[in-house]
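Peer 1: My structure is stored as final-v8.csv, with CSV, C-alpha atoms and all ligand atoms.
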```
chain,number,residue,atom,x,y,z
Z,1,MET,CA,-6.2,3.7,3.6
Z,2,ASN,CA,-3.5,1.1,2.8
Z,3,LEU,CA,-1.3,2.1,-0.1
Z,4,ILE,CA,1.8,0.8,-1.9
Z,5,LEU,CA,4.2,3.0,-3.8
Z,6,LEU,CA,5.8,0.9,-6.5
Z,7,GLY,CA,8.5,2.1,-8.9
Z,8,ALA,CA,12.1,1.8,-9.9
Z,9,PRO,CA,14.9,3.0,-7.5
Z,10,GLY,CA,15.0,6.8,-7.9
Z,11,ALA,CA,11.5,7.1,-9.3
Z,12,GLY,CA,10.7,9.4,-6.4
Z,13,LYS,CA,8.8,6.9,-4.1
Z,14,GLY,CA,10.3,8.4,-0.9
Z,15,THR,CA,9.6,12.0,-1.9
Z,16,GLN,CA,6.0,11.2,-3.0
Z,17,ALA,CA,5.4,9.0,0.1
Z,18,ALA,CA,6.3,11.9,2.4
Z,19,ILE,CA,3.9,14.2,0.6
Z,20,LEU,CA,1.1,11.6,0.6
Z,21,ALA,CA,1.7,10.8,4.3
Z,22,ARG,CA,1.1,14.5,5.1
Z,23,GLU,CA,-1.9,14.8,2.9
Z,24,LEU,CA,-3.5,11.6,4.2
Z,25,ASN,CA,-2.2,11.7,7.7
Z,26,ILE,CA,-0.9,8.1,7.7
Z,27,PRO,CA,2.7,6.9,8.2
Z,28,THR,CA,5.1,5.9,5.5
Z,29,ILE,CA,7.0,2.6,6.0
Z,30,SER,CA,10.2,2.3,4.1
Z,31,THR,CA,12.1,-0.9,4.4
Z,32,GLY,CA,15.1,0.8,2.8
Z,33,ASN,CA,15.1,3.4,5.7
Z,34,ILE,CA,14.6,0.7,8.3
Z,35,LEU,CA,17.5,-1.3,6.9
Z,36,ARG,CA,19.8,1.7,6.6
Z,37,ALA,CA,19.1,2.5,10.3
Z,38,ALA,CA,19.9,-1.1,11.2
Z,39,VAL,CA,23.2,-1.0,9.3
Z,40,ALA,CA,24.1,2.3,11.0
Z,41,SER,CA,23.4,0.9,14.4
Z,42,GLY,CA,25.4,-2.3,13.7
Z,43,SER,CA,22.5,-4.5,14.8
Z,44,GLU,CA,22.3,-8.2,13.8
Z,45,LEU,CA,19.8,-7.3,11.1
Z,46,GLY,CA,22.1,-4.6,9.9
Z,47,LYS,CA,25.0,-7.0,9.6
Z,48,GLN,CA,22.9,-9.4,7.6
Z,49,ALA,CA,21.6,-6.7,5.2
Z,50,LYS,CA,24.7,-4.7,4.7
Z,51,ALA,CA,26.5,-6.7,1.9
Z,52,CYS,CA,23.3,-7.0,-0.2
Z,53,MET,CA,22.5,-3.3,0.1
Z,54,GLU,CA,25.9,-2.2,-1.0
Z,55,THR,CA,25.8,-4.1,-4.2
Z,56,GLY,CA,22.2,-3.2,-4.9
Z,57,ALA,CA,20.9,-6.8,-4.5
Z,58,LEU,CA,17.7,-7.5,-2.6
Z,59,VAL,CA,17.7,-8.5,1.1
Z,60,SER,CA,16.1,-11.9,1.6
Z,61,ASP,CA,12.3,-12.1,1.6
Z,62,GLU,CA,12.4,-13.8,5.0
Z,63,ILE,CA,14.1,-10.8,6.6
Z,64,ILE,CA,11.8,-8.3,4.9
Z,65,ILE,CA,8.6,-10.1,5.8
Z,66,GLY,CA,9.7,-10.2,9.4
Z,67,ILE,CA,10.5,-6.5,9.4
Z,68,ILE,CA,7.2,-5.6,7.8
Z,69,ARG,CA,5.0,-7.8,10.0
Z,70,ASP,CA,6.5,-6.2,13.1
Z,71,ARG,CA,6.2,-2.7,11.8
Z,72,LEU,CA,2.6,-3.0,10.6
Z,73,ALA,CA,1.5,-4.3,14.0
Z,74,GLN,CA,2.5,-1.0,15.7
Z,75,SER,CA,-0.4,1.3,16.7
Z,76,ASP,CA,0.4,4.2,14.3
Z,77,CYS,CA,-0.5,1.8,11.4
Z,78,ALA,CA,-4.1,1.3,12.7
Z,79,ASN,CA,-5.7,3.8,10.3
Z,80,GLY,CA,-3.6,2.9,7.3
Z,81,TYR,CA,-0.1,3.3,5.9
Z,82,ILE,CA,2.0,3.9,2.8
Z,83,LEU,CA,4.5,1.2,1.9
Z,84,ASP,CA,7.6,2.6,0.2
Z,85,GLY,CA,10.0,0.1,-1.4
Z,86,VAL,CA,8.1,-3.0,-0.2
Z,87,PRO,CA,6.9,-5.4,-1.5
Z,88,ARG,CA,9.6,-5.9,-4.0
Z,89,THR,CA,9.1,-9.5,-5.0
Z,90,ILE,CA,6.1,-11.7,-5.7
Z,91,ALA,CA,7.0,-13.7,-2.6
Z,92,GLN,CA,6.8,-10.6,-0.4
Z,93,ALA,CA,3.4,-9.6,-2.0
Z,94,GLU,CA,2.1,-13.1,-1.4
Z,95,ALA,CA,3.2,-13.0,2.2
Z,96,LEU,CA,1.4,-9.7,2.8
Z,97,GLU,CA,-1.7,-11.2,1.2
Z,98,VAL,CA,-1.5,-14.4,3.3
Z,99,SER,CA,-1.4,-12.2,6.4
Z,100,GLY,CA,-4.8,-10.8,5.4
Z,101,ILE,CA,-3.5,-7.4,4.4
Z,102,LYS,CA,-5.5,-5.7,1.6
Z,103,PHE,CA,-4.4,-2.6,-0.3
Z,104,ASP,CA,-6.8,0.1,-1.5
Z,105,HIS,CA,-4.4,1.3,-4.2
Z,106,VAL,CA,-1.0,0.4,-5.6
Z,107,ILE,CA,0.5,3.4,-7.2
Z,108,SER,CA,3.0,2.6,-9.8
Z,109,LEU,CA,5.3,5.5,-10.7
Z,110,GLU,CA,6.2,5.2,-14.3
Z,111,ILE,CA,9.6,6.7,-15.4
Z,112,SER,CA,12.3,5.7,-17.9
Z,113,ASP,CA,15.6,4.2,-16.8
Z,114,GLU,CA,17.4,7.0,-18.7
Z,115,THR,CA,15.7,9.7,-16.5
Z,116,ILE,CA,16.5,7.7,-13.4
Z,117,MET,CA,20.2,7.5,-14.3
Z,118,GLU,CA,20.3,11.3,-14.8
Z,119,ARG,CA,18.5,12.0,-11.5
Z,120,MET,CA,20.3,9.7,-9.2
Z,121,SER,CA,23.5,11.6,-9.3
Z,122,GLY,CA,21.8,14.5,-7.6
Z,123,ARG,CA,20.1,12.6,-4.8
Z,124,ARG,CA,21.0,13.3,-1.2
Z,125,VAL,CA,19.6,11.7,1.9
Z,126,CYS,CA,19.6,12.3,5.6
Z,127,PRO,CA,21.4,9.4,7.4
Z,128,LYS,CA,19.5,10.2,10.6
Z,129,CYS,CA,15.8,10.6,9.7
Z,130,GLY,CA,15.8,9.2,6.1
Z,131,ALA,CA,14.4,12.3,4.4
Z,132,SER,CA,15.4,12.5,0.8
Z,133,TYR,CA,16.4,15.5,-1.3
Z,134,HIS,CA,17.7,16.4,-4.8
Z,135,VAL,CA,20.3,19.1,-5.4
Z,136,VAL,CA,18.1,20.6,-8.2
Z,137,ALA,CA,14.6,19.2,-7.9
Z,138,VAL,CA,14.2,19.1,-4.1
Z,139,PRO,CA,17.0,21.2,-2.5
Z,140,PRO,CA,17.1,21.5,1.3
Z,141,LYS,CA,16.6,25.0,2.7
Z,142,LYS,CA,20.3,25.1,3.8
Z,143,GLU,CA,22.7,23.4,1.4
Z,144,GLY,CA,23.8,20.0,2.7
Z,145,ILE,CA,21.6,20.1,5.8
Z,146,CYS,CA,18.4,18.2,6.5
Z,147,ASP,CA,15.3,20.5,6.9
Z,148,ALA,CA,13.6,18.0,9.2
Z,149,CYS,CA,16.4,17.2,11.7
Z,150,GLY,CA,19.4,19.4,11.0
Z,151,SER,CA,21.8,16.5,10.2
Z,152,GLU,CA,24.4,16.6,7.4
Z,153,LEU,CA,23.1,15.1,4.2
Z,154,ILE,CA,25.0,12.3,2.4
Z,155,THR,CA,25.1,10.6,-1.0
Z,156,ARG,CA,24.0,7.0,-0.7
Z,157,LYS,CA,26.8,4.5,-1.6
Z,158,ASP,CA,24.3,2.5,-3.6
Z,159,ASP,CA,23.5,5.6,-5.8
Z,160,ALA,CA,26.8,5.2,-7.7
Z,161,PRO,CA,26.0,4.8,-11.4
Z,162,GLU,CA,27.1,1.1,-11.7
Z,163,THR,CA,25.1,0.2,-8.6
Z,164,VAL,CA,22.1,2.1,-9.9
Z,165,LYS,CA,22.3,0.0,-13.1
Z,166,SER,CA,22.3,-3.2,-11.1
Z,167,ARG,CA,19.4,-2.0,-9.0
Z,168,LEU,CA,17.4,-1.1,-12.2
Z,169,ALA,CA,18.0,-4.6,-13.5
Z,170,VAL,CA,16.9,-6.1,-10.2
Z,171,TYR,CA,13.8,-3.9,-10.4
Z,172,HIS,CA,12.8,-5.0,-13.9
Z,173,LYS,CA,13.3,-8.7,-13.0
Z,174,GLU,CA,12.0,-9.0,-9.5
Z,175,THR,CA,9.7,-6.0,-8.8
Z,176,GLU,CA,8.1,-5.1,-12.1
Z,177,PRO,CA,6.0,-8.4,-12.2
Z,178,LEU,CA,4.2,-7.0,-9.2
Z,179,LYS,CA,2.3,-4.6,-11.5
Z,180,GLU,CA,0.6,-7.6,-13.1
Z,181,PHE,CA,0.0,-9.1,-9.6
Z,182,TYR,CA,-1.8,-6.0,-8.4
Z,183,ARG,CA,-3.5,-5.3,-11.8
Z,184,SER,CA,-5.1,-8.7,-11.6
Z,185,ARG,CA,-6.5,-7.7,-8.1
Z,186,GLY,CA,-7.9,-4.5,-9.5
Z,187,VAL,CA,-5.9,-2.1,-7.4
Z,188,LEU,CA,-3.0,-1.0,-9.7
Z,189,VAL,CA,-2.9,2.8,-10.4
Z,190,PRO,CA,-0.2,3.7,-12.9
Z,191,VAL,CA,0.9,7.3,-12.7
Z,192,GLU,CA,3.4,8.8,-15.2
Z,193,ASP,CA,6.2,11.0,-13.8
Z,194,LYS,CA,5.4,14.6,-14.6
Z,195,GLY,CA,8.9,16.0,-14.5
Z,196,SER,CA,8.4,17.9,-11.2
Z,197,VAL,CA,7.6,16.7,-7.6
Z,198,GLU,CA,4.6,18.9,-7.3
Z,199,ALA,CA,3.1,17.9,-10.7
Z,200,THR,CA,3.6,14.2,-10.0
Z,201,SER,CA,2.1,14.4,-6.5
Z,202,ALA,CA,-0.9,16.3,-7.9
Z,203,ALA,CA,-1.3,13.5,-10.5
Z,204,ILE,CA,-1.2,10.8,-7.7
Z,205,LEU,CA,-3.7,12.6,-5.6
Z,206,ALA,CA,-6.1,13.1,-8.6
Z,207,ALA,CA,-5.7,9.4,-9.5
Z,208,LEU,CA,-6.6,8.4,-5.9
Z,209,LYS,CA,-9.8,10.4,-6.0
Z,210,GLU,CA,-11.0,8.7,-9.3
P,301,LIG,P1,15.6,1.5,-1.1
P,301,LIG,O1,15.9,2.6,-0.2
P,301,LIG,O2,14.1,1.2,-1.1
P,301,LIG,O3,16.1,1.8,-2.5
P,301,LIG,O4,16.3,0.2,-0.5
P,301,LIG,C1,17.7,0.2,-0.5
P,301,LIG,C2,18.2,-1.3,-0.4
P,301,LIG,O5,17.6,-2.0,0.7
P,301,LIG,C3,17.8,-2.1,-1.6
P,301,LIG,O6,18.6,-2.0,-2.7
P,301,LIG,C4,17.8,-3.5,-1.0
P,301,LIG,O7,19.1,-4.0,-0.9
P,301,LIG,C5,17.3,-3.3,0.4
P,301,LIG,N1,15.8,-3.4,0.4
P,301,LIG,C6,14.9,-2.4,0.8
P,301,LIG,N2,13.6,-2.8,0.7
P,301,LIG,C7,13.7,-4.1,0.3
P,301,LIG,C8,12.7,-5.1,0.0
P,301,LIG,N3,11.4,-4.9,0.2
P,301,LIG,N4,13.1,-6.3,-0.4
P,301,LIG,C9,14.4,-6.6,-0.5
P,301,LIG,N5,15.4,-5.7,-0.3
P,301,LIG,C10,15.1,-4.5,0.1
```
Give the structure from this file in structure tokens form.

Peer 2:
Amino acid sequence: MNLILLGAPGAGKGTQAAILARELNIPTISTGNILRAAVASGSELGKQAKACMETGALVSDEIIIGIIRDRLAQSDCANGYILDGVPRTIAQAEALEVSGIKFDHVISLEISDETIMERMSGRRVCPKCGASYHVVAVPPKKEGICDACGSELITRKDDAPETVKSRLAVYHKETEPLKEFYRSRGVLVPVEDKGSVEATSAAILAALKE
């Protein structure tokens, strides 16, 4: 099963992708996590992406398409995958389509900008494995420590309120048109945020079974 999780920054794509990946036994591919790892390692890719990421702008379609083609060719993607945070522009979606990739469902997480602004201040992420938490909604078992790998959790620089505002503007301009793109292909599944992680994942799983 090939899925895309579409939604604004902070909509809960990463959290829901992790749950779906466990339920469906397929990997999650997050271009944000791949890029953050590249920035941390100081690789050429990381150097190219760093400035865009810090301001909340999008990394070029060319770079993203290269990353995603390489990643989807790996053997763990053979039975399907969940894309988290990609595609983010019509050009990226068209490039995936031209590569012959078809999606069974494109889940669009629907949530207001106001709720996102409130939520983002509590987000914490693991710089090592990319797991994501929230101080109230999804707290780690031990405060400030990643359940999965034991690393110290951090606040993403691009979760600062002003940067979140820019990222939301970029989302509405560049990414939201993808809803129409996938609706016209008959695969869009809009799912309203239900206020808790569990209730939203239950709604997603129910929508996938319809
Ligand atoms: P995310 O973790 O998905 O919010 O991504 C963090 C940042 O990485 C974004 O604000 C962009 O700068 C960059 N990024 C991640 N995925 C993409 C993508 N598909 N297209 C362009 N830029 C991306």

Peer 1: Once you count only C-alpha atoms and all ligand atoms, which residues end up within 10 Å of ligand LIG 301 (chain P), and could you hand them over as a PyMOL selection string?

Peer 2: chain Z and resi 6-11+13-14+30-36+49-65+67-68+83-89+91-93+130+132+156+158-159+163-164+166-168+170-171+174-175

Peer 1: Kindly indicate which residue among Z:Ile204, Z:Cys126, Z:Ala137, Z:Asp113 lies nearest to Z:Glu192, using only C-alpha atoms for the distances.

Peer 2: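 Checking each of Z:Ile204, Z:Cys126, Z:Ala137, Z:Asp113 against Z:Glu192, counting only C-alpha atoms, the winner is Z:Ile204.
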
Peer 1: Just checking: using only C-alpha atoms, which residue out of Z:Cys146, Z:Ala206, Z:Val98, Z:Ala169 ends up closest to Z:Pro127?

Peer 2: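 Selected residue with least distance to Z:Pro127: Z:Cys146.
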
Peer 1: Enter the distance from atom CA of Z:Gly122 to atom CA of Z:Lys179, in Å, rounded to one decimal.

Peer 2: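 So the two atoms, atom CA of Z:Gly122 and atom CA of Z:Lys179, lie 27.6 Å apart.
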
Peer 1: Provide the atom CA of Z:Leu3 to atom CA of Z:Phe103 distance in Å, to one decimal place.

Peer 2: 5.6 Å

Peer 1: Quick one: pull the distance between atom CA of Z:Leu153 and atom CA of Z:Gly80, Å, one decimal.

Peer 2: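 Interatomic distance here is 29.5 Å.
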
Peer 1: Write out as a list in words each polymer residue whose atoms come within 9 Å of Z:Leu188, counting only C-alpha atoms; drop sequence neighbours fewer than 3 positions from it.

Peer 2: His105, Val106, Ile107, Ser108, Lys179, Glu180, Phe181, Tyr182, Arg183, Ser184 and Arg185 of chain Z

Peer 1: Write the residues you've just listed into a file as a short mmCIF file (atom, residue, chain, number, x, y, z; two decimals), in the frame of the given file, and include C-alpha atoms for each of them.

Peer 2:
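And here's result_10.cif as it stands now:
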```
data_model
loop_
_atom_site.label_atom_id
_atom_site.label_comp_id
_atom_site.auth_asym_id
_atom_site.auth_seq_id
_atom_site.Cartn_x
_atom_site.Cartn_y
_atom_site.Cartn_z
CA HIS Z 105 -4.40 1.30 -4.20
CA VAL Z 106 -1.00 0.40 -5.60
CA ILE Z 107 0.50 3.40 -7.20
CA SER Z 108 3.00 2.60 -9.80
CA LYS Z 179 2.30 -4.60 -11.50
CA GLU Z 180 0.60 -7.60 -13.10
CA PHE Z 181 0.00 -9.10 -9.60
CA TYR Z 182 -1.80 -6.00 -8.40
CA ARG Z 183 -3.50 -5.30 -11.80
CA SER Z 184 -5.10 -8.70 -11.60
CA ARG Z 185 -6.50 -7.70 -8.10
#
```

Peer 1: How would you write as JSON, numbers by chain the residues that get within 7 Å of (20.7, 5.3, -14.2) in the file's frame, counting all atoms listed in the file?

Peer 2: {"Z": [113, 114, 116, 117, 118, 120, 161, 164, 165]}

Peer 1: Which residue is closest to Z:Ala18? Choose from Z:Ile101, Z:Val136, Z:His172, Z:Leu5 and count all atoms listed in the file.

Peer 2: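 With all atoms listed in the file as the atom set, the closest residue is Z:Leu5.
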
Peer 1: Tell me which of Z:Ala160, Z:Leu24, Z:Ile111, Z:Ala95 sits closest to Z:Arg123, counting all atoms listed in the file.

Peer 2: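 For Z:Arg123, the nearest of the candidates is Z:Ala160.
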
Peer 1: With distances taken over only C-alpha atoms, which residue among Z:Ala17, Z:Glu97, Z:Ala37, Z:Glu44 lies nearest Z:Cys129?

Peer 2: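 With only C-alpha atoms as the atom set, the closest residue is Z:Ala37.
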
Peer 1: Calculated over only C-alpha atoms, which of the candidates Z:Leu72, Z:Leu109, Z:Leu178, Z:Ile154 has the smallest distance to Z:Gln16?

Peer 2: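 Distance minimum relative to Z:Gln16 lands on Z:Leu109.
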